[in-house]
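Engineer: What follows is a single structure, and I will ask about it in a moment.
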Amino acid sequence: MRRLDRHTFAHAAVGVLAGVTGMSVAHLTAALLTPASSPALAVSTAVIDATPTPVKEWAVRELGSADKPILIGSVLLVTIAFAAAIGVVARRRLWLGAGLIAGLVLLAGAAVVRLPFFRVTDLVPTLVALVLGPAVLVLLTRALTAERTPAHRQDAPSEGAATRRSVLIGFGALALVSAAAATGGQLIVRGRTALADIMLPRVRDPLPALPAGLEETHQGISRFVTRNRDFYRVDTKLAVPIVDQNSWSLTIDGDVERELTFSYDDLRQRENVEHDITLTCVSNEVGGKLVGAARWTGVPLQDLLEEAGVGKDADQILSTDVEGFTISTPLEAALDGRNAMVALGMNGEVLPRKHGFPARLVVPGLYGYVGATKWVTRLTLTRYDKATAYWTDRDWAIDAPIKLSSRIDTPRPLSNISAGRTVIGGVAWAQHHGVAKVDVRIDGGRWQPAELGPDAGIDYWRQWFLPWDAEPGSHQLAVRVTDRDGTVQSDERATPFPDGSSGIQEIVVTVA
Ligand SMILES: Nc1nc2c(c(=O)[nH]1)N[C@H]1C(S)=C(S)[C@@H](COP(=O)(O)O)O[C@H]1N2
Ligand SMILES: [Mo]
């Protein structure tokens with residue numbers, strides 16, 4: 001019985017190695033071609049697409065930016081479990097095992113074919129896995145069986161030991177090859193994402209440099225300008241699209257007088273402008289982290305649309321990214337004079353790949369899912385009753401202005417701080433209306449006005465702080481913002497679905 005267990009383990013390990021070798025070498029192949037066509041990533045993408053909206057919303061909320069690694073990790077674990085079982089099957093029925101591994105790879109192939117931007121060459125990584133997986137399974141299973149054959153054991157013990165050694169060496173070598181291929185794939189993708197040599201277009205009338213923010217004087221308050229590397233990221237991609245700016249273009253079509261197509265250089269050579277805009281995700285909870293503020297460089301969206309000639313029927317801009325993902329934006333938001341733009345730069349740098357290189361939309365006042373299309377390649381003027389977009393197909397609101405909100409950054413919720421003079425501080429936003437006032441409430445008392453940080457316009461957040469003589473004990477701190485039209489942040493609690501969270505953040509801290 002014991003021997004049987006040990007052998008079962010060995011065969012399960014063979015299955016795992018076959019699965020892992022296939023997946024990792026395929027991943028490396030995909031890294032050289034189209035990263036998202038890696039079979040493991042394609043299956044994860046299919047899982048995302050099949051996930052119902054409430055579950056997705058829960059995942060973004062509870063897992064934040066860990067949602068993708070957790071998803072991919074789960075897909076890998078399930079695959080490895082299947083591969084282990086197949087390894088055990090192959091011990092007695094070798095060709096059935098090989099067929100099952102091939103079946104597993106073909107399932108992943110189906111996920112690759114379903115990718116929205118699928119081209120036939122995207123199947124190359126799958127083919128690599130289709131050859132490697134069954135081959136490794138057959139060869140290792142045979143080697144294991146040979147090692148146990150009585151002929152070796154009795155007649156030529158030294159030969160048996162040699163076979164065992166070569167089996168172990170084979171195992172080790174394959175494990176190393178897999179680790180190297182998977183790591184190599186990741187490094188290649190990272191290398192391909194470097195954008196060091198591209199220059200940002202010159203801006204005709206540069207904005208004055210932003211003043212120093214409150215973070216310089218009050219530790220713990222979010223930076224006035226979110227650094228690109230700290231900027232939140234929300235999208236459906238498991239592999240950041242790697243777009244070649246030289247073959248990329250932006251087309252404006254649909255209900256327009258003339259269809260226009262701009263190359264990357266066309267956009268760079270046009271008059272570029274700068275705007276300070278705070279971007280927020282509809283999935284952000286009150287007090288959450290899915291918000292960032294940056295200075296964007298790019299071309300006014302209105303100029304491009306007017307050049308194309310806006311038709312009479314259109315009421316939405318359906319934007320499409322390089323992989324076919326869509327976002328719909330109310331046309332009015334592009335034409336009502338707000339600083340909507342096709343952005344090429346972020347905080348003085350070329351748009352990072354994660355944030356949409358070569359170009360993305362930024363529409364002040366709208367949540368990202370209705371106005372901030374990254375890797376955008378097409379703007380189609382159409383009607384809401386004719387075409388729908390990715391998130392609205394998943395029941396999120398069609399139009400979604402950002403609700404005004406405020407957040408306490410310091411002290412941290414549930415933290416322990418020492419008694420005495422300290423500050424309560426954070427950020428508040430009321431996009432496209434502007435922050436007029438931030439109030440803080442301590443232990444349910446009266447709302448006290450906080451001091452505001454520098455002002456970068458109505459589309460940009462404000463930092464705020466209130467000095468506080470903290471006395472020992474447990475305290476409740478709340479914050480609310482009022483915009484320049486006099487609208488006060490609502491205390492009515494709403495979940496992010498379907499059109500953004502509302503309510504007042506209230507935290508508890510312990511002072512000792
Ligand atoms: N192509 C593409 N653009 C996209 C998304 C996406 O999934 N795909 N997500 C949107 C959402 S929901 C948000 S909140 C913003 C986030 O932009 P950021 O990742 O640069 O912060 O991008 C928007 N643009
Ligand atoms: Mo979002």
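As shown in the structure tokens, the chain order sets the letters A, B, ...; within each chain, residues go from 1, and ligands are also counted from 1 in the order they appear.
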Pick out each residue of region 191-311 of chain A that DSSP on the backbone tags as strand (DSSP E); I need them as a list in words.
Structural biologist: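 Everything in region 191-311 of chain A that counts as strand (DSSP E) is Ser249, Leu250, Thr251, Ile252, Asp253, Gly254, Leu260, Thr261, Phe262, Ser263, Val273, Glu274, His275, Asp276, Ile277, Thr278, Leu279, Thr280, Val291, Gly292, Ala293, Ala294, Arg295, Trp296, Thr297, Gly298, Val299 and Pro300 of chain A.
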Engineer: Pick out the residues no farther than 9 Å from ligand 2, counting only C-alpha atoms and all ligand atoms, and list them as a count of residues only.
Structural biologist: 14
Engineer: From the list A:Asp499, A:Glu274, A:Asp205, A:Asp439, which residue is nearest Trp396 (chain A) when using only C-alpha atoms?
Structural biologist: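 Nearest candidate to Trp396 (chain A) out of A:Asp499, A:Glu274, A:Asp205, A:Asp439: A:Asp499.
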Engineer: When DSSP is applied to the backbone of this structure, which of region 149-275 of chain A are assigned helix (DSSP H, G or I)? Write them out as a PyMOL selection string.
Structural biologist: chain A and resi 150-155+157-192+214-216+228-230+264-269
Engineer: Need the shell around Gly500 (chain A): protein/DNA/RNA residues with any atom at most 7 Å away, counting only C-alpha atoms. Skip same-chain ones fewer than 2 positions apart. Format as a PyMOL selection string?
Structural biologist: chain A and resi 282-283+403+495-498+502
Engineer: Go through A:Ala428, A:Val291, A:Val112, A:Val481 one by one, measure the shortest atom-to-atom distance of each to ligand 1 using only C-alpha atoms and all ligand atoms, and give the residue with the smallest value.
Structural biologist: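 Comparing A:Ala428, A:Val291, A:Val112, A:Val481 against ligand 1, the winner is A:Val291.
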Engineer: So, counting only C-alpha atoms, which residue among A:Ala478, A:Ile458, A:Ile188, A:Leu132 is closest to Asp276 (chain A)?
Structural biologist: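 So, comparing all the options, the nearest one is A:Ile458.
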Engineer: A:Leu17, A:Leu94, A:Met341, A:Ala181: which is nearest Val362 (chain A), counting only C-alpha atoms?
Structural biologist: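 Counting only C-alpha atoms, the residue closest to Val362 (chain A) is A:Met341.
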Engineer: Do a neighbour search on region 89-91 of chain A at 12 Å with only C-alpha atoms, toss out local chain neighbours closer than 6 positions, and write the hits as a PyMOL selection string.
Structural biologist: chain A and resi 4+7-16+18+82-83+97-101+134+136-146+148
Engineer: What is the CA of Ala30 (chain A)-CA of Met346 (chain A) distance in Å, reported with one decimal?
Structural biologist: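 Answer for the CA of Ala30 (chain A) to CA of Met346 (chain A) separation: 28.7 Å.
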